[in-house]
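Engineer: Before anything else, here's the structure in question.
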Amino acid sequence: MFNLRQANLQDLEVLIELRLELLREVGEIKGDSDTTNLAEATRKYLGEKMPSGEFLAWVAEVDCQIIATSGLVFFQRPLTMAISQA
């Protein structure tokens, strides 16, 4: 059985690991590429956006180990002509 819960900053390192694994699987990270800068940029992004509520993540756990994650990014677009004339 698995447990679903909203992620928090205590999950940050696992979220970074899983993101890097995803990028490897889809071919955006090749072979043994150095991912130090990407990991740090991801750490900074999540460290800022999760507490502000601009990025929400959920994790699936089995035996208290995170096995999957999903995320939602909130952003606002400027109005378009169609919306502003409605």
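If you're wondering about the labels, chains in the structure tokens are A, B, ... by order shown, residues count from 1 in each chain, ligands from 1 in order shown.
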Residues near segment 14-23 of chain A, anyone? I mean within 7 Å using only C-alpha atoms, not counting same-chain ones fewer than 5 positions away, as a VMD selection string.
Structural biologist: chain A and resid 28 to 29 39 42 to 43
Engineer: Could you pull out the residues in chain A that DSSP calls strand (DSSP E or B) from the backbone, as a PyMOL selection string?
Structural biologist: chain A and resi 3-6+55-62+65-73
Engineer: Would you compute the distance between atom CA of Gly71 of chain A and atom CA of Ser33 of chain A? Give it in Å to one decimal.
Structural biologist: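 Going from atom CA of Gly71 of chain A over to atom CA of Ser33 of chain A covers 24.6 Å.
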Engineer: As a ChimeraX atom specification, which residues of chain A does DSSP assign to helix (DSSP H, G or I)?
Structural biologist: /A:9-25,36-52,81-84
Engineer: Applying 10 Å and only C-alpha atoms, which residues near Asp63 of chain A remain after dropping the ones on its own chain fewer than 6 positions away? List them as a ChimeraX atom specification.
Structural biologist: /A:1-3
Engineer: Dump all heavy atoms for the selected residues as a PDB file, in the first residue's frame?
Structural biologist:
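Writing done, so here's result.pdb:
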```pdb
ATOM      1  N   MET A   1       0.843  -1.178   0.000  1.00  0.00           N
ATOM      2  CA  MET A   1       0.000   0.000   0.000  1.00  0.00           C
ATOM      3  C   MET A   1       0.888   1.241   0.000  1.00  0.00           C
ATOM      4  O   MET A   1       1.982   1.238   0.557  1.00  0.00           O
ATOM      5  CB  MET A   1      -0.873  -0.033   1.256  1.00  0.00           C
ATOM      6  CG  MET A   1      -1.949   1.001   1.286  1.00  0.00           C
ATOM      7  SD  MET A   1      -3.151   0.665   0.002  1.00  0.00           S
ATOM      8  CE  MET A   1      -4.356   1.851   0.382  1.00  0.00           C
ATOM      9  N   PHE A   2       0.416   2.298  -0.606  1.00  0.00           N
ATOM     10  CA  PHE A   2       1.206   3.519  -0.641  1.00  0.00           C
ATOM     11  C   PHE A   2       0.454   4.656   0.029  1.00  0.00           C
ATOM     12  O   PHE A   2      -0.752   4.601   0.218  1.00  0.00           O
ATOM     13  CB  PHE A   2       1.608   3.892  -2.071  1.00  0.00           C
ATOM     14  CG  PHE A   2       0.447   4.199  -2.972  1.00  0.00           C
ATOM     15  CD1 PHE A   2      -0.035   5.487  -3.079  1.00  0.00           C
ATOM     16  CD2 PHE A   2      -0.173   3.198  -3.702  1.00  0.00           C
ATOM     17  CE1 PHE A   2      -1.102   5.780  -3.906  1.00  0.00           C
ATOM     18  CE2 PHE A   2      -1.240   3.482  -4.534  1.00  0.00           C
ATOM     19  CZ  PHE A   2      -1.701   4.773  -4.627  1.00  0.00           C
ATOM     20  N   ASN A   3       1.191   5.671   0.384  1.00  0.00           N
ATOM     21  CA  ASN A   3       0.657   6.853   1.036  1.00  0.00           C
ATOM     22  C   ASN A   3       0.894   8.054   0.120  1.00  0.00           C
ATOM     23  O   ASN A   3       1.991   8.223  -0.405  1.00  0.00           O
ATOM     24  CB  ASN A   3       1.376   7.062   2.378  1.00  0.00           C
ATOM     25  CG  ASN A   3       0.903   8.309   3.088  1.00  0.00           C
ATOM     26  OD1 ASN A   3      -0.282   8.522   3.267  1.00  0.00           O
ATOM     27  ND2 ASN A   3       1.846   9.139   3.499  1.00  0.00           N
TER      28      ASN A   3
END
```
Engineer: What does the distance from atom CA of Phe75 of chain A to atom CA of Leu56 of chain A come to in Å, to one decimal?
Structural biologist: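 We find that atom CA of Phe75 of chain A and atom CA of Leu56 of chain A lie 11.9 Å from each other.
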